[in-house]
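Since the structure comes first, as structure tokens, the remarks are kept for the end.
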Amino acid sequence: MNAFFIMIKHDIHKMYQESVQCVEAEIDFVEATYKKLRGNSARFLREDFSGTGQTAAEWVSRNKNNKAWAVDLDGEVLKWGINNVLPNVSDSQSLTYIQADVRKSNIAQMDIVLAMNFSYFLFMQRDVLRNYFVTVKNSLEDTGVFFLDAFGGYEAAKELTEERECDGFTYIWDQHSFNPINSEMQCYIHFKTGDGTEYNRAFSYYWRLWTLPELQELLIEAGFSQVDIYWEGTDEKSGEGDGDFKVSKIGTADAGWVCYIVALP
Ligand SMILES: C[S@@+](CC[C@H](N)C(=O)[O-])C[C@H]1O[C@@H](n2cnc3c(N)ncnc32)[C@H](O)[C@@H]1O
């Protein structure tokens, strides 16, 4: 029993879910923003770079008419989702896992496509990223909406590690190297568990740190007609982000920020 408990506790996908993802807040934003923009409720959502499909699962849990497709290249990570996330979904038919390149999933006529957790930063050439954006545009309904997130700030280009205590383990974000000549960076997630076990480089990301002007230009070049940046407000007491993202033309020159990009076909 103890060994079983430890095995579950130390699963890297579980630790990732607990330390990195906040799918409830993400879907709150996506659901409310779609409704505000389109005046009705979205139903069909595709989660690109889905990993274990946690966000797609949250989507289908919100309404019995919602359907989601979770698309990822990695069969192992999808299998984890099928074994650990799908069983918690009340209607298993509402969530489909697809092993494919996001540019070729053929899952179209979507109300919403998500590219979250900066995953599209792995497309490093302008043409390649623009081509991905074109495929997203082509897979959306005319009334569809594309949601992405992005991060930046002067600390985003720094080589640093940040530790955060989570329930039973430490999460370590490692911006390992950054090359200012091409903006490419190597990042890792490490975990350290209470019993001293270290999961070094549990997740590895080789990315280009795209800027918001570049991303907005590429989305427009890909054929999106409107691109807005939703910037997070500041909690007056703590000086930290307040979790409320609003359309903005002017951001704050913070050390580190995360924002949403919302693109309309
Ligand atoms: C940072 S994880 C994102 C996980 C999840 N979306 C999240 O929000 O936490 C990136 C995922 O993208 C997947 N991936 C990388 N390149 C891909 C591609 N071309 N097509 C589909 N999935 C890809 C990887 O297998 C990995 O699971």
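By order of appearance in the structure tokens: chains A, B, ..., then residues from 1 within every chain, and ligands from 1 in the order shown.
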
Contacts of ligand 1, 10 Å or closer, only C-alpha atoms and all ligand atoms, given as a PyMOL selection string = chain A and resi 13+16-17+19-23+26+47-56+70-78+98-105+114-123+132+149+203-205

query = Which polymer residues have any atom within 8 Å of an atom of stretch 58-66 of chain A, counting only C-alpha atoms, with same-chain residues fewer than 4 positions away left out, as a PyMOL selection string?
reply = chain A and resi 23-24+27+42-45+54+89-91+94-95

Preceding selection exported with N, CA, C and O atoms as an mmCIF file, in the first residue's frame:
```cif
data_model
loop_
_atom_site.group_PDB
_atom_site.id
_atom_site.type_symbol
_atom_site.label_atom_id
_atom_site.label_comp_id
_atom_site.auth_asym_id
_atom_site.auth_seq_id
_atom_site.Cartn_x
_atom_site.Cartn_y
_atom_site.Cartn_z
ATOM 1 N N VAL A 23 -6.325 24.560 -14.762
ATOM 2 C CA VAL A 23 -7.247 24.444 -15.888
ATOM 3 C C VAL A 23 -8.595 25.106 -15.614
ATOM 4 O O VAL A 23 -9.249 25.587 -16.530
ATOM 5 N N GLU A 24 -8.979 25.160 -14.329
ATOM 6 C CA GLU A 24 -10.276 25.771 -14.009
ATOM 7 C C GLU A 24 -10.247 27.259 -14.386
ATOM 8 O O GLU A 24 -11.151 27.757 -15.063
ATOM 9 N N ILE A 27 -10.115 27.720 -18.224
ATOM 10 C CA ILE A 27 -11.410 27.508 -18.889
ATOM 11 C C ILE A 27 -12.423 28.580 -18.479
ATOM 12 O O ILE A 27 -13.250 28.996 -19.287
ATOM 13 N N ALA A 42 -19.783 28.426 -26.641
ATOM 14 C CA ALA A 42 -19.044 27.516 -27.520
ATOM 15 C C ALA A 42 -19.334 26.084 -27.095
ATOM 16 O O ALA A 42 -19.682 25.831 -25.941
ATOM 17 N N ARG A 43 -19.176 25.157 -28.022
ATOM 18 C CA ARG A 43 -19.384 23.743 -27.703
ATOM 19 C C ARG A 43 -18.165 22.881 -28.055
ATOM 20 O O ARG A 43 -17.792 22.000 -27.313
ATOM 21 N N PHE A 44 -17.565 23.122 -29.236
ATOM 22 C CA PHE A 44 -16.499 22.235 -29.717
ATOM 23 C C PHE A 44 -15.138 22.892 -29.495
ATOM 24 O O PHE A 44 -14.873 23.978 -30.020
ATOM 25 N N LEU A 45 -14.286 22.225 -28.752
ATOM 26 C CA LEU A 45 -12.972 22.785 -28.401
ATOM 27 C C LEU A 45 -11.870 21.793 -28.735
ATOM 28 O O LEU A 45 -11.992 20.590 -28.449
ATOM 29 N N GLN A 54 -5.818 17.603 -19.759
ATOM 30 C CA GLN A 54 -6.482 18.093 -18.552
ATOM 31 C C GLN A 54 -7.442 19.257 -18.850
ATOM 32 O O GLN A 54 -8.532 19.331 -18.309
ATOM 33 N N VAL A 89 -13.958 11.699 -16.422
ATOM 34 C CA VAL A 89 -14.905 12.453 -17.254
ATOM 35 C C VAL A 89 -16.215 11.668 -17.278
ATOM 36 O O VAL A 89 -16.203 10.468 -17.564
ATOM 37 N N SER A 90 -17.329 12.348 -16.961
ATOM 38 C CA SER A 90 -18.567 11.567 -16.790
ATOM 39 C C SER A 90 -19.046 10.948 -18.110
ATOM 40 O O SER A 90 -19.509 9.812 -18.123
ATOM 41 N N ASP A 91 -18.905 11.668 -19.230
ATOM 42 C CA ASP A 91 -19.261 11.067 -20.522
ATOM 43 C C ASP A 91 -17.965 10.876 -21.319
ATOM 44 O O ASP A 91 -17.454 11.824 -21.921
ATOM 45 N N SER A 94 -17.309 12.239 -24.809
ATOM 46 C CA SER A 94 -17.216 13.678 -25.080
ATOM 47 C C SER A 94 -15.772 14.147 -25.273
ATOM 48 O O SER A 94 -15.539 15.254 -25.730
ATOM 49 N N LEU A 95 -14.800 13.319 -24.915
ATOM 50 C CA LEU A 95 -13.392 13.713 -25.017
ATOM 51 C C LEU A 95 -12.632 12.676 -25.832
ATOM 52 O O LEU A 95 -12.625 11.489 -25.503
#
```

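Taking only C-alpha atoms into account, A:Asn131 lies nearest to A:Leu219 out of the set A:Met185, A:Ala150, A:Ala68, A:Leu219.
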
Do a neighbour search on stretch 191-197 of chain A at 7 Å with only C-alpha atoms, toss out local chain neighbours closer than 3 positions, and write the hits as a PDB file with N, CA, C and O atoms, in the first residue's frame.
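Saved file part_34.pdb follows:
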```
ATOM      1  N   GLY A 168       3.869  18.143  -0.998  1.00  0.00           N
ATOM      2  CA  GLY A 168       4.698  16.928  -0.981  1.00  0.00           C
ATOM      3  C   GLY A 168       5.886  16.954  -1.927  1.00  0.00           C
ATOM      4  O   GLY A 168       6.617  15.964  -2.020  1.00  0.00           O
ATOM      5  N   PHE A 169       6.078  18.040  -2.646  1.00  0.00           N
ATOM      6  CA  PHE A 169       7.233  18.115  -3.556  1.00  0.00           C
ATOM      7  C   PHE A 169       7.590  19.571  -3.844  1.00  0.00           C
ATOM      8  O   PHE A 169       6.800  20.492  -3.578  1.00  0.00           O
ATOM      9  N   THR A 170       8.802  19.765  -4.370  1.00  0.00           N
ATOM     10  CA  THR A 170       9.228  21.105  -4.790  1.00  0.00           C
ATOM     11  C   THR A 170       9.259  21.134  -6.310  1.00  0.00           C
ATOM     12  O   THR A 170       9.793  20.222  -6.954  1.00  0.00           O
ATOM     13  N   TYR A 171       8.678  22.187  -6.852  1.00  0.00           N
ATOM     14  CA  TYR A 171       8.685  22.414  -8.305  1.00  0.00           C
ATOM     15  C   TYR A 171       9.833  23.370  -8.613  1.00  0.00           C
ATOM     16  O   TYR A 171       9.986  24.396  -7.938  1.00  0.00           O
ATOM     17  N   ILE A 172      10.662  23.026  -9.584  1.00  0.00           N
ATOM     18  CA  ILE A 172      11.792  23.893  -9.933  1.00  0.00           C
ATOM     19  C   ILE A 172      11.723  24.245 -11.427  1.00  0.00           C
ATOM     20  O   ILE A 172      11.756  23.353 -12.288  1.00  0.00           O
ATOM     21  N   ASN A 200      15.207  15.084 -12.138  1.00  0.00           N
ATOM     22  CA  ASN A 200      15.882  16.131 -12.894  1.00  0.00           C
ATOM     23  C   ASN A 200      15.425  16.106 -14.347  1.00  0.00           C
ATOM     24  O   ASN A 200      15.311  15.048 -14.944  1.00  0.00           O
TER      25      ASN A 200
END
```

task = Extract the full set of helix (DSSP H, G or I) residues from stretch 45-228 of chain A according to DSSP on the backbone, and format it as a VMD selection string.
result = chain A and resid 54 to 62 75 to 84 86 to 88 92 to 94 102 to 104 119 to 122 126 to 138 212 to 221

message = Just the number, please: distance in Å from atom CA of A:Asp244 to atom CA of A:Gly152, one decimal.
response = 17.8 Å

note = Using only C-alpha atoms, the residue out of A:Thr234, A:Thr33, A:Ser183, A:Asn88 with shortest distance to A:Thr211 is A:Ser183

query = Please, what distance in Å, to one decimal, runs between atom CA of A:Phe245 and atom CA of A:Gly233?
reply =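 Atom-to-atom, atom CA of A:Phe245 and atom CA of A:Gly233 are spaced 6.3 Å apart.
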
query = In stretch 176-222 of chain A, what's strand (DSSP E) per DSSP? Answer as a ChimeraX atom specification?
reply = /A:176-179,184-193,198-208

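Proximity of A:Glu163, A:Met124, A:Ile229, A:Gly256 to A:Gly241, computed with only C-alpha atoms, is greatest for A:Gly256.
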
task = Kindly give the distance, in Å, that separates atom CA of A:Glu221 and atom CA of A:Thr135, rounded to a single decimal.
result =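 About the pair atom CA of A:Glu221 and atom CA of A:Thr135: they are 12.5 Å apart.
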
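Nearest-residue note for A:Asn84: choosing from A:Asp11, A:Asp127, A:Asp111, A:Asp254, the minimum distance belongs to A:Asp11, counting only C-alpha atoms.
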
Could you make a table, as CSV, of the residues of stretch 144-194 of chain A that have an atom within 12 Å of an atom of stretch 250-253 of chain A, each with its nearest atom pair and distance in Å to one decimal, counting only C-alpha atoms, in chain and number order?
```
residue,atom,partner,partner_atom,distance
A:Gly152,CA,A:Ala253,CA,9.6
A:Gly153,CA,A:Ala253,CA,6.7
A:Tyr154,CA,A:Ala253,CA,8.0
A:Glu155,CA,A:Ala253,CA,10.7
A:Ala156,CA,A:Ala253,CA,11.9
```

Just write the chosen residues, N, CA, C and O atoms, as an mmCIF file, in the first residue's frame.
```cif
data_model
loop_
_atom_site.group_PDB
_atom_site.id
_atom_site.type_symbol
_atom_site.label_atom_id
_atom_site.label_comp_id
_atom_site.auth_asym_id
_atom_site.auth_seq_id
_atom_site.Cartn_x
_atom_site.Cartn_y
_atom_site.Cartn_z
ATOM 1 N N GLY A 152 6.702 36.700 -20.908
ATOM 2 C CA GLY A 152 7.819 37.585 -21.242
ATOM 3 C C GLY A 152 8.186 38.416 -20.037
ATOM 4 O O GLY A 152 7.893 38.036 -18.895
ATOM 5 N N GLY A 153 8.832 39.564 -20.292
ATOM 6 C CA GLY A 153 9.349 40.400 -19.210
ATOM 7 C C GLY A 153 10.859 40.258 -19.168
ATOM 8 O O GLY A 153 11.410 39.315 -19.729
ATOM 9 N N TYR A 154 11.523 41.198 -18.470
ATOM 10 C CA TYR A 154 12.986 41.189 -18.562
ATOM 11 C C TYR A 154 13.624 39.977 -17.892
ATOM 12 O O TYR A 154 14.754 39.630 -18.191
ATOM 13 N N GLU A 155 12.882 39.291 -17.006
ATOM 14 C CA GLU A 155 13.469 38.081 -16.414
ATOM 15 C C GLU A 155 13.274 36.833 -17.282
ATOM 16 O O GLU A 155 13.889 35.811 -17.037
ATOM 17 N N ALA A 156 12.410 36.955 -18.308
ATOM 18 C CA ALA A 156 12.159 35.793 -19.164
ATOM 19 C C ALA A 156 13.393 35.429 -19.973
ATOM 20 O O ALA A 156 13.577 34.281 -20.371
#
```

ask   = Looking at only C-alpha atoms, which of A:Phe147, A:Phe224, A:Trp257, A:Trp69 is the one that sits closest to A:Arg130?
value =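 Looking only at the distances to A:Arg130, the closest residue turns out to be A:Phe224.
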